[in-house]
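The file my_file.cif contains mmCIF, C-alpha atoms:
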data_entry
#
loop_
_atom_site.label_atom_id
_atom_site.label_comp_id
_atom_site.auth_asym_id
_atom_site.auth_seq_id
_atom_site.Cartn_x
_atom_site.Cartn_y
_atom_site.Cartn_z
CA MET A 1 -47.52 29.76 15.85
CA ALA A 2 -46.08 26.32 16.33
CA GLY A 3 -42.95 26.31 18.44
CA GLY A 4 -39.56 25.10 17.23
CA ALA A 5 -36.37 26.28 15.67
CA ASN A 6 -36.73 28.76 12.92
CA PRO A 7 -34.49 27.58 10.07
CA GLN A 8 -33.71 31.14 9.12
CA GLN A 9 -32.16 31.73 12.49
CA THR A 10 -29.59 28.93 12.15
CA VAL A 11 -28.46 29.39 8.55
CA MET A 12 -25.01 30.83 8.11
CA PRO A 13 -25.05 34.45 7.07
CA GLY A 14 -24.48 35.43 3.48
CA GLY A 15 -20.90 35.23 2.30
CA ALA A 16 -20.27 31.88 3.90
CA ASN A 17 -18.73 29.30 1.61
CA PRO A 18 -21.03 26.74 0.01
CA TYR A 19 -20.06 24.03 2.48
CA GLN A 20 -20.89 26.22 5.44
CA GLN A 21 -24.18 27.06 3.81
CA ALA A 22 -24.85 23.38 3.23
CA ALA A 23 -23.89 22.44 6.77
CA GLY A 24 -26.05 25.23 8.23
CA ALA A 25 -29.02 24.31 6.11
CA GLN A 26 -28.62 20.63 6.87
CA THR A 27 -28.35 21.26 10.59
CA ALA A 28 -31.39 23.50 10.58
CA ALA A 29 -33.42 21.06 8.51
CA LEU A 30 -32.42 18.12 10.65
CA GLY A 31 -33.32 19.96 13.81
CA ARG A 32 -36.67 21.14 12.55
CA VAL A 33 -37.68 17.82 11.04
CA GLY A 34 -36.51 15.95 14.09
CA GLN A 35 -38.52 18.25 16.31
CA GLY A 36 -41.51 17.93 14.07
CA MET A 37 -41.56 14.16 14.42
CA TYR A 38 -42.91 14.43 17.97
CA GLN A 39 -44.71 17.74 17.73
CA THR A 40 -48.41 18.39 17.63
CA ALA A 41 -50.25 21.52 16.68
CA VAL A 42 -51.48 22.03 20.22
CA PRO A 43 -48.62 24.19 21.52
CA GLY A 44 -49.08 26.61 18.69
CA MET A 45 -52.82 27.00 19.09
CA GLN A 46 -52.52 29.44 21.93
CA ALA A 47 -50.96 31.94 19.59
CA TYR A 48 -54.05 31.81 17.42
CA ALA A 49 -56.65 31.91 20.24
CA ASN A 50 -58.89 34.92 19.86
CA PRO A 51 -57.97 37.17 22.79
CA TYR A 52 -61.48 38.64 22.67
CA GLU A 53 -63.20 35.31 22.63
CA SER A 54 -64.29 35.58 26.24
CA GLN A 55 -65.69 39.03 25.69
CA VAL A 56 -67.51 37.80 22.62
CA VAL A 57 -68.92 34.87 24.53
CA GLN A 58 -69.87 37.05 27.46
CA GLN A 59 -71.51 39.55 25.18
CA SER A 60 -73.35 36.77 23.48
CA LEU A 61 -74.51 35.43 26.83
CA ARG A 62 -75.64 38.89 27.83
CA ASP A 63 -77.56 39.15 24.58
CA VAL A 64 -79.18 35.82 25.29
CA GLY A 65 -79.84 36.99 28.87
CA SER A 66 -81.44 40.18 27.63
CA ALA A 67 -83.55 38.24 25.20
CA ALA A 68 -84.52 35.91 28.02
CA GLN A 69 -85.48 38.82 30.22
CA MET A 70 -87.58 40.29 27.48
CA GLY A 71 -89.21 36.95 26.94
CA LEU A 72 -89.93 36.57 30.63
CA ASN A 73 -91.37 40.06 30.76
CA GLN A 74 -93.58 39.29 27.84
CA LEU A 75 -94.60 36.02 29.47
CA GLY A 76 -95.40 37.90 32.68
CA ALA A 77 -97.48 40.40 30.78
CA GLN A 78 -99.39 37.65 29.07
CA ALA A 79 -99.90 35.88 32.39
CA SER A 80 -101.16 39.14 33.95
CA ALA A 81 -103.53 39.69 31.10
CA ALA A 82 -104.81 36.20 31.59
CA GLY A 83 -105.04 36.69 35.37
CA ALA A 84 -102.63 33.90 35.86
CA PHE A 85 -99.53 35.85 36.89
CA GLY A 86 -97.81 34.04 39.71
CA GLY A 87 -99.86 30.96 39.21
CA SER A 88 -98.56 27.48 38.69
CA ARG A 89 -99.03 27.72 34.97
CA HIS A 90 -97.11 30.96 34.91
CA GLY A 91 -94.36 29.28 36.90
CA ILE A 92 -94.20 26.36 34.52
CA ALA A 93 -94.12 28.66 31.53
CA GLN A 94 -91.29 30.70 33.11
CA ALA A 95 -89.30 27.55 33.83
CA GLU A 96 -89.69 26.31 30.28
CA ALA A 97 -88.67 29.67 28.89
CA MET A 98 -85.62 29.84 31.12
CA LYS A 99 -84.67 26.33 30.11
CA GLY A 100 -84.81 27.32 26.48
CA PHE A 101 -82.85 30.45 27.08
CA SER A 102 -80.18 28.60 29.07
CA GLN A 103 -79.85 25.99 26.38
CA GLN A 104 -79.55 28.69 23.78
CA ALA A 105 -76.87 30.45 25.84
CA MET A 106 -74.86 27.27 26.25
CA ASP A 107 -75.16 26.39 22.58
CA GLN A 108 -74.06 29.86 21.60
CA ALA A 109 -71.07 29.80 23.92
CA ALA A 110 -70.08 26.31 22.80
CA ARG A 111 -70.35 27.28 19.16
CA LEU A 112 -68.22 30.36 19.66
CA ARG A 113 -65.54 28.49 21.59
CA ALA A 114 -65.50 25.57 19.11
CA GLN A 115 -65.11 28.03 16.29
CA GLY A 116 -62.17 29.64 18.07
CA PHE A 117 -60.60 26.24 18.78
CA ASN A 118 -60.91 25.05 15.20
CA THR A 119 -59.53 28.29 13.85
CA ALA A 120 -56.50 28.14 16.16
CA LEU A 121 -56.00 24.43 15.41
CA GLY A 122 -56.10 24.97 11.67
CA ALA A 123 -53.72 27.89 11.81
CA SER A 124 -51.28 26.01 14.04
CA GLN A 125 -51.39 22.94 11.79
CA ALA A 126 -50.79 25.14 8.79
CA ASP A 127 -47.79 26.62 10.57
CA LEU A 128 -46.40 23.18 11.31
CA GLY A 129 -46.81 22.09 7.74
CA ARG A 130 -45.27 25.25 6.42
CA GLN A 131 -42.29 24.99 8.76
CA LEU A 132 -41.65 21.34 7.94
CA GLY A 133 -41.95 22.16 4.27
CA ALA A 134 -39.46 24.98 4.70
CA ALA A 135 -37.13 22.61 6.51
CA GLY A 136 -37.31 20.20 3.59
CA GLN A 137 -36.66 23.02 1.18
CA MET A 138 -33.77 24.13 3.34
CA ALA A 139 -32.26 20.66 3.12
CA GLY A 140 -32.58 20.79 -0.64
CA LEU A 141 -30.93 24.19 -0.81
CA GLY A 142 -28.15 22.91 1.41
CA GLN A 143 -27.63 20.03 -0.99
CA GLN A 144 -27.56 22.52 -3.82
CA SER A 145 -24.91 24.60 -2.06
CA PHE A 146 -22.88 21.48 -1.43
CA GLY A 147 -23.09 20.66 -5.12
CA TYR A 148 -21.94 24.16 -6.05
CA GLY A 149 -18.97 23.76 -3.76
CA GLN A 150 -18.05 20.40 -5.21
CA ALA A 151 -18.46 21.57 -8.78
CA ILE A 152 -16.18 24.53 -8.16
CA GLN A 153 -13.69 22.37 -6.33
CA ASN A 154 -13.62 19.77 -9.10
CA GLN A 155 -13.12 22.50 -11.65
CA GLN A 156 -10.23 23.86 -9.64
CA MET A 157 -8.74 20.40 -9.34
CA GLN A 158 -9.02 19.69 -13.06
CA GLN A 159 -7.59 22.99 -14.19
CA GLY A 160 -4.92 22.82 -11.52
CA ALA A 161 -3.94 19.34 -12.67
CA MET A 162 -3.63 20.63 -16.22
CA GLN A 163 -1.30 23.35 -15.03
CA GLN A 164 0.73 20.92 -12.99
CA GLN A 165 0.97 18.55 -15.95
CA ALA A 166 2.24 21.37 -18.15
CA MET A 167 4.87 22.17 -15.55
CA GLN A 168 5.76 18.49 -15.31
CA ASN A 169 6.12 18.29 -19.08
CA LEU A 170 8.51 21.21 -18.94
CA ILE A 171 10.54 19.50 -16.25
CA ASN A 172 10.59 16.24 -18.19
CA ALA A 173 11.80 18.05 -21.27
CA ALA A 174 14.60 19.64 -19.27
CA LYS A 175 15.51 16.27 -17.80
CA GLY A 176 15.59 14.81 -21.28
CA GLN A 177 17.96 17.51 -22.43
CA TYR A 178 20.17 16.99 -19.43
CA ALA A 179 20.22 13.24 -19.99
CA GLY A 180 21.20 13.87 -23.57
CA TYR A 181 23.98 16.15 -22.45
CA THR A 182 25.41 13.83 -19.85
CA GLY A 183 24.93 10.80 -22.07
CA ALA A 184 26.66 12.38 -25.05
CA PRO A 185 30.02 10.66 -24.40
CA MET A 186 28.34 7.28 -24.29
CA GLN A 187 26.47 8.12 -27.45
CA GLY A 188 29.73 9.05 -29.09
CA LEU A 189 31.29 5.78 -28.02
CA ALA A 190 28.32 3.85 -29.36
CA ALA A 191 28.61 5.66 -32.66
CA MET A 192 32.28 4.84 -32.85
CA GLN A 193 31.62 1.21 -32.03
CA GLY A 194 29.05 1.11 -34.78
CA GLY A 195 31.52 2.56 -37.24
CA ALA A 196 34.24 0.16 -36.19
CA ALA A 197 32.05 -2.89 -36.51
CA GLY A 198 33.51 -3.77 -39.88
CA LEU A 199 37.14 -3.32 -38.94
CA ALA A 200 37.61 -6.97 -38.14
CA ASN A 201 37.28 -7.80 -41.81
CA THR A 202 40.32 -5.72 -42.59
CA TYR A 203 42.63 -7.66 -40.29
CA GLY A 204 45.00 -9.98 -41.97
CA GLN A 205 47.59 -12.57 -40.93
CA THR A 206 50.88 -13.15 -42.66
CA THR A 207 52.86 -16.34 -42.05
CA SER A 208 56.44 -16.44 -43.27
CA MET A 209 58.98 -19.30 -43.26
CA ASN A 210 62.73 -18.89 -42.94
CA PRO A 211 64.24 -22.33 -43.86
CA GLY A 212 67.17 -23.63 -41.88
CA LEU A 213 69.92 -26.18 -42.65
CA PHE A 214 67.79 -29.18 -41.82
CA ASN A 215 65.05 -27.87 -44.10
CA TYR A 216 67.48 -27.80 -47.01
CA LEU A 217 68.86 -31.22 -46.17
CA GLN A 218 65.37 -32.62 -45.97
CA LEU A 219 64.50 -31.03 -49.29
CA GLY A 220 67.60 -32.59 -50.90
CA ALA A 221 66.84 -36.00 -49.43
CA ASN A 222 63.29 -35.87 -50.67
CA THR A 223 64.45 -34.92 -54.14
CA ALA A 224 67.03 -37.72 -54.29
CA ALA A 225 64.52 -40.24 -53.12
CA ALA A 226 62.15 -39.19 -55.85
CA PHE A 227 64.75 -39.76 -58.55
CA ALA A 228 65.88 -43.10 -57.03
CA LYS A 229 62.50 -44.72 -57.31
CA PRO A 230 61.95 -47.02 -60.28
CA PRO A 231 59.36 -45.85 -62.71
CA GLY A 232 55.83 -46.89 -61.81
CA THR A 233 56.38 -46.93 -58.02
CA PRO A 234 54.43 -44.44 -56.09
CA MET B 1 70.85 -19.13 -40.37
CA ALA B 2 69.13 -21.28 -37.77
CA LYS B 3 69.58 -24.98 -38.13
CA GLY B 4 65.90 -25.73 -38.10
CA GLY B 5 64.70 -22.51 -39.65
CA SER B 6 61.90 -20.51 -38.23
CA GLN B 7 58.29 -19.64 -38.90
CA SER B 8 56.79 -16.28 -38.01
CA GLN B 9 53.24 -14.99 -37.98
CA GLU B 10 52.36 -11.32 -38.13
CA LYS B 11 48.90 -9.88 -37.71
CA THR B 12 48.26 -6.98 -39.94
CA ALA B 13 45.59 -4.35 -40.25
CA PRO B 14 45.22 -1.20 -42.29
CA ALA B 15 46.32 1.97 -40.58
CA PHE B 16 42.82 3.41 -40.45
CA ALA B 17 41.55 0.27 -38.78
CA GLU B 18 44.26 0.24 -36.18
CA THR B 19 43.71 3.95 -35.56
CA GLY B 20 39.99 3.46 -35.15
CA LEU B 21 40.42 0.53 -32.83
CA GLN B 22 42.82 2.35 -30.60
CA GLN B 23 40.64 5.46 -30.52
CA GLN B 24 37.64 3.35 -29.70
CA LEU B 25 39.40 1.70 -26.82
CA GLY B 26 40.68 5.04 -25.59
CA LEU B 27 37.25 6.56 -25.75
CA ALA B 28 35.73 3.59 -23.98
CA ARG B 29 38.34 3.90 -21.27
CA ASP B 30 37.56 7.59 -20.79
CA VAL B 31 33.80 7.14 -20.90
CA SER B 32 33.97 4.33 -18.39
CA ALA B 33 35.56 6.77 -15.96
CA LEU B 34 32.68 9.19 -16.17
CA GLY B 35 30.72 7.48 -13.49
CA TYR B 36 27.28 8.67 -12.53
CA THR B 37 26.37 12.24 -13.35
CA PRO B 38 23.83 13.51 -10.84
CA TYR B 39 20.87 15.64 -11.84
CA TYR B 40 20.18 18.58 -9.59
CA GLY B 41 17.18 20.00 -11.38
CA PRO B 42 13.50 19.51 -10.63
CA ASP B 43 11.95 16.09 -10.95
CA VAL B 44 8.35 16.62 -9.95
CA ALA B 45 6.22 19.69 -10.54
CA SER B 46 4.66 21.16 -7.45
CA PHE B 47 0.91 21.46 -7.05
CA SER B 48 -0.53 24.47 -8.76
CA PRO B 49 -2.34 27.22 -6.83
CA LEU B 50 -5.65 25.96 -8.22
CA GLN B 51 -4.96 22.51 -6.86
CA GLN B 52 -4.03 23.98 -3.50
CA ALA B 53 -7.28 25.93 -3.55
CA ALA B 54 -9.11 22.68 -4.18
CA PHE B 55 -7.30 21.09 -1.26
CA GLN B 56 -8.39 23.96 0.95
CA GLY B 57 -11.91 23.41 -0.32
CA THR B 58 -11.77 19.84 0.91
CA ASP B 59 -10.67 21.10 4.29
CA GLN B 60 -13.47 23.63 4.33
CA MET B 61 -15.94 20.94 3.37
CA ALA B 62 -14.78 18.70 6.18
CA GLY B 63 -14.63 21.56 8.65
CA ALA B 64 -18.12 22.77 7.82
CA PHE B 65 -19.51 19.39 8.77
CA GLY B 66 -17.40 19.03 11.88
CA MET B 67 -15.04 16.47 10.41
CA PRO B 68 -11.27 16.44 10.93
CA VAL B 69 -9.24 18.68 8.68
CA ALA B 70 -5.61 18.46 7.64
CA GLN B 71 -3.37 20.01 10.22
CA GLY B 72 -0.55 21.91 8.58
CA GLU B 73 1.07 21.45 5.22
CA TYR B 74 2.07 17.93 4.25
CA MET B 75 4.13 18.71 1.18
CA PRO B 76 7.44 20.50 1.61
CA ALA B 77 7.79 23.97 0.17
CA PRO B 78 8.61 23.72 -3.51
CA THR B 79 11.79 25.14 -4.98
CA THR B 80 11.66 27.76 -7.66
CA PHE B 81 13.90 26.90 -10.60
CA ALA B 82 14.76 28.76 -13.76
CA GLY B 83 11.87 30.36 -15.55
CA GLY B 84 9.70 30.26 -12.45
CA VAL B 85 9.28 26.51 -12.60
CA GLN B 86 8.22 25.31 -9.19
CA GLY B 87 8.87 21.75 -8.24
CA TYR B 88 10.76 19.26 -6.20
CA SER B 89 14.19 17.83 -6.89
CA SER B 90 15.34 14.41 -5.80
CA ALA B 91 18.90 15.74 -5.58
CA PRO B 92 18.76 16.51 -1.84
CA LEU B 93 17.52 13.00 -1.12
CA PHE B 94 20.21 11.55 -3.36
CA MET B 95 22.89 13.60 -1.64
CA GLU B 96 21.56 12.59 1.74
CA SER B 97 21.66 8.90 0.85
CA LYS B 98 25.13 9.29 -0.55
CA GLY B 99 26.26 10.99 2.63
CA ALA B 100 24.70 8.23 4.70
CA LEU B 101 26.59 5.64 2.69
CA GLN B 102 29.81 7.56 3.19
CA GLN B 103 29.19 7.71 6.91
CA ASN B 104 28.03 4.14 7.43
CA ALA B 105 30.18 2.34 4.91
CA PRO B 106 33.15 4.54 4.08
CA GLY B 107 35.13 1.71 2.54
CA LEU B 108 32.41 0.82 0.13
CA TYR B 109 31.77 4.45 -0.58
CA ASN B 110 35.40 5.18 -1.42
CA TYR B 111 35.68 2.05 -3.53
CA LEU B 112 32.58 3.06 -5.43
CA GLU B 113 33.86 6.57 -5.89
CA GLY B 114 37.09 5.17 -7.29
CA PHE B 115 35.33 3.96 -10.41
CA SER B 116 34.85 7.44 -11.69
CA VAL B 117 36.70 10.69 -11.89
CA ASP B 118 36.79 12.95 -8.90
CA PRO B 119 33.82 15.22 -9.51
CA MET B 120 35.70 18.18 -8.08
CA THR B 121 39.19 17.76 -9.58
CA GLY B 122 38.46 15.59 -12.58
CA LYS B 123 41.27 13.22 -11.66
CA PRO B 124 40.57 9.56 -12.49
CA GLY B 125 39.64 7.40 -9.56
CA ALA B 126 41.75 4.51 -8.42
CA GLN B 127 39.49 1.96 -10.01
CA THR B 128 39.17 3.61 -13.40
CA ALA B 129 40.54 1.80 -16.44
CA SER B 130 43.43 4.19 -16.88
CA GLN B 131 44.62 3.35 -13.37
CA GLN B 132 44.52 -0.40 -13.82
CA PRO B 133 47.96 -2.06 -13.84
CA VAL B 134 48.80 -3.51 -17.21
CA VAL B 135 51.44 -6.09 -18.00
CA LEU B 136 51.88 -6.68 -21.69
CA GLU B 137 52.48 -10.35 -22.27
CA MET B 138 51.41 -10.86 -25.83
CA GLN B 139 53.58 -8.42 -27.70
CA LYS B 140 56.33 -10.93 -28.69
CA PRO B 141 55.85 -12.27 -32.19
CA SER B 142 54.87 -15.88 -32.14
CA SER B 143 57.45 -18.29 -33.50
CA GLY B 144 57.52 -21.93 -34.19
CA GLY B 145 58.72 -24.61 -36.55
CA LYS B 146 62.00 -26.38 -36.61
#
What does this structure look like when you write it as structure tokens?
Amino acid sequence: MAGGANPQQTVMPGGANPYQQAAGAQTAALGRVGQGMYQTAVPGMQAYANPYESQVVQQSLRDVGSAAQMGLNQLGAQASAAGAFGGSRHGIAQAEAMKGFSQQAMDQAARLRAQGFNTALGASQADLGRQLGAAGQMAGLGQQSFGYGQAIQNQQMQQGAMQQQAMQNLINAAKGQYAGYTGAPMQGLAAMQGGAAGLANTYGQTTSMNPGLFNYLQLGANTAAAFAKPPGTP
Amino acid sequence: MAKGGSQSQEKTAPAFAETGLQQQLGLARDVSALGYTPYYGPDVASFSPLQQAAFQGTDQMAGAFGMPVAQGEYMPAPTTFAGGVQGYSSAPLFMESKGALQQNAPGLYNYLEGFSVDPMTGKPGAQTASQQPVVLEMQKPSSGGK
């Protein structure tokens, strides 16, 4: 298994609020993705190495060795039958056979070990990919939790604002009533002023004259002068 | 009989007009002494529990990501008025400012107070219309002529 933080180990436990979930998921995803940027599959291969690989290889080598022994025995028998056992030709034939057997043993061992390496490499790479994918999914889920939190919070804010506005309307209505109450005298005065607007038209002015002695004398003089004038003079 | 006679002018008005005019002036005089009538009720509604929950949500959001959160309550505790209405009144601030004026400028404060009735006793202040000195100088009938 590839090494690194397991996202499941860093997520907040169930019951946490959406923001804690989001923060936990984000932290886990960031950590895993950041780690994955510089990570290869090599460290995780050991976990997938076949613990019996050496035994398998050894067994395979023993099988090849047994086959080689049988081949050498058969070669010896053939050389004996031909009266050439121990001769130079027998020696050459043995060397060639051993060469073949050795090559076969090495090929077999290499094939087994390459197979084990590739299997471990593939499994480790698959682990890496799966973990990075899970980290990405974790980030998405964190974003989703964050969205849940915000949606709930916005809903609370909107409904709360409606309630507050209703309360404010009530207060404003009470203030309006109070203003009406305290302003009633001024309203009454204004009404009276409106009603009295036409009073000025009812005012009158009387001028009276009490004539004195000089007034009468002047009147008499004016009258006499009028009679003294010849006709036709203005 | 005067030697030069005399001329007199008399302003007249119907009784209802004179009554109305005098009542109007009297009412105006009384109203002008009212002064300012404070309001001690709520002015602003407090935040609702849902809004406060939303505020806490913001704190939780910030806290979850390691950001600073609000320390303590910023708004003062609301007052509960009649009918369970919760809100804030500007009356305490008004009273505080009035007290500060009285303390820092007592002369101005007292002069200002004199324009209205005493809110406790109802007696007219020194500067109200009813307390203004009046000297009647135009009540003699005008006369003229020779």
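Once the PyMOL selection byres ((chain A and resi 149) around 9) is applied to this file, the selection holds Asn17, Pro18, Tyr19, Gln144, Ser145, Phe146, Gly147, Tyr148, Gln150, Ala151, Ile152, Gln153 and Asn154 of chain A; Gly57 and Met61 of chain B.
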Written as a count of residues only, what is the full residue list that the PyMOL selection byres ((chain B) within 9 of (chain A)) yields on the file shown? 58
Separation of CA of Met138 in chain A from CA of Ala29 in chain A, in Å and rounded to one decimal: 6.0 Å
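When only C-alpha atoms are used to compute distances to Gln55 in chain A, the closest of the residues A:Ala135, A:Ala81, A:Leu112, A:Leu219 turns out to be A:Leu112.
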Give me the residues within 12 Å of range 90-96 of chain A as a PyMOL selection string, counting all atoms listed in the file and dropping any in the same chain fewer than 3 places off. chain A and resi 68-87+99-103
Mind writing the picked residues with C-alpha atoms as a PDB file, in the frame of the given file?
ATOM      1  CA  ALA A  68     -84.520  35.910  28.020  1.00  0.00           C
ATOM      2  CA  GLN A  69     -85.480  38.820  30.220  1.00  0.00           C
ATOM      3  CA  MET A  70     -87.580  40.290  27.480  1.00  0.00           C
ATOM      4  CA  GLY A  71     -89.210  36.950  26.940  1.00  0.00           C
ATOM      5  CA  LEU A  72     -89.930  36.570  30.630  1.00  0.00           C
ATOM      6  CA  ASN A  73     -91.370  40.060  30.760  1.00  0.00           C
ATOM      7  CA  GLN A  74     -93.580  39.290  27.840  1.00  0.00           C
ATOM      8  CA  LEU A  75     -94.600  36.020  29.470  1.00  0.00           C
ATOM      9  CA  GLY A  76     -95.400  37.900  32.680  1.00  0.00           C
ATOM     10  CA  ALA A  77     -97.480  40.400  30.780  1.00  0.00           C
ATOM     11  CA  GLN A  78     -99.390  37.650  29.070  1.00  0.00           C
ATOM     12  CA  ALA A  79     -99.900  35.880  32.390  1.00  0.00           C
ATOM     13  CA  SER A  80    -101.160  39.140  33.950  1.00  0.00           C
ATOM     14  CA  ALA A  81    -103.530  39.690  31.100  1.00  0.00           C
ATOM     15  CA  ALA A  82    -104.810  36.200  31.590  1.00  0.00           C
ATOM     16  CA  GLY A  83    -105.040  36.690  35.370  1.00  0.00           C
ATOM     17  CA  ALA A  84    -102.630  33.900  35.860  1.00  0.00           C
ATOM     18  CA  PHE A  85     -99.530  35.850  36.890  1.00  0.00           C
ATOM     19  CA  GLY A  86     -97.810  34.040  39.710  1.00  0.00           C
ATOM     20  CA  GLY A  87     -99.860  30.960  39.210  1.00  0.00           C
ATOM     21  CA  LYS A  99     -84.670  26.330  30.110  1.00  0.00           C
ATOM     22  CA  GLY A 100     -84.810  27.320  26.480  1.00  0.00           C
ATOM     23  CA  PHE A 101     -82.850  30.450  27.080  1.00  0.00           C
ATOM     24  CA  SER A 102     -80.180  28.600  29.070  1.00  0.00           C
ATOM     25  CA  GLN A 103     -79.850  25.990  26.380  1.00  0.00           C
TER      26      GLN A 103
END
Mind pulling up the distance from CA of Asn50 in chain A to CA of Met106 in chain A? 18.8 Å
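Of note, CA of Ala134 in chain A and CA of Gln115 in chain A are spaced 28.3 Å apart.
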Under the rule that all atoms listed in the file are counted, which of A:Ala139, A:Met45, A:Ala97, A:Ala16 is the nearest residue to Gly122 in chain A? A:Met45
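Candidate residues B:Pro38, B:Arg29, B:Pro106, B:Ala77 were compared for distance to Ser90 in chain B, and the nearest is B:Pro38, using only C-alpha atoms.
Checking A:Leu217, A:Ala224, A:Ala49, A:Leu141 one by one against Asn118 in chain A, counting all atoms listed in the file, you find the shortest gap at A:Ala49.
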Specify as a PDB file with C-alpha atoms, in the coordinates of the input each residue included when the PyMOL selection byres ((chain A and resi 126-129) around 8) is applied to this file.
ATOM      1  CA  MET A   1     -47.520  29.760  15.850  1.00  0.00           C
ATOM      2  CA  ALA A   2     -46.080  26.320  16.330  1.00  0.00           C
ATOM      3  CA  GLY A  36     -41.510  17.930  14.070  1.00  0.00           C
ATOM      4  CA  ALA A  41     -50.250  21.520  16.680  1.00  0.00           C
ATOM      5  CA  GLY A 122     -56.100  24.970  11.670  1.00  0.00           C
ATOM      6  CA  ALA A 123     -53.720  27.890  11.810  1.00  0.00           C
ATOM      7  CA  SER A 124     -51.280  26.010  14.040  1.00  0.00           C
ATOM      8  CA  GLN A 125     -51.390  22.940  11.790  1.00  0.00           C
ATOM      9  CA  ARG A 130     -45.270  25.250   6.420  1.00  0.00           C
ATOM     10  CA  GLN A 131     -42.290  24.990   8.760  1.00  0.00           C
ATOM     11  CA  LEU A 132     -41.650  21.340   7.940  1.00  0.00           C
ATOM     12  CA  GLY A 133     -41.950  22.160   4.270  1.00  0.00           C
TER      13      GLY A 133
END
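Candidate residues A:Gln35, A:Gln177, A:Gln108, A:Thr40 were compared for distance to Ser60 in chain A, and the nearest is A:Gln108, using only C-alpha atoms.
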Exercise: range 108-117 of chain B partners within 10 Å, all atoms listed in the file, chain neighbours under 4 positions left out, as a list in words: Asp30, Val31, Ser32, Ala33, Leu34, Gly35, Tyr36, Thr37, Lys98, Gly99, Ala100, Leu101, Gln102, Gln103, Asn104, Thr121, Gly122, Lys123, Pro124, Gly125, Ala126, Gln127, Thr128, Ala129 and Gln131 of chain B
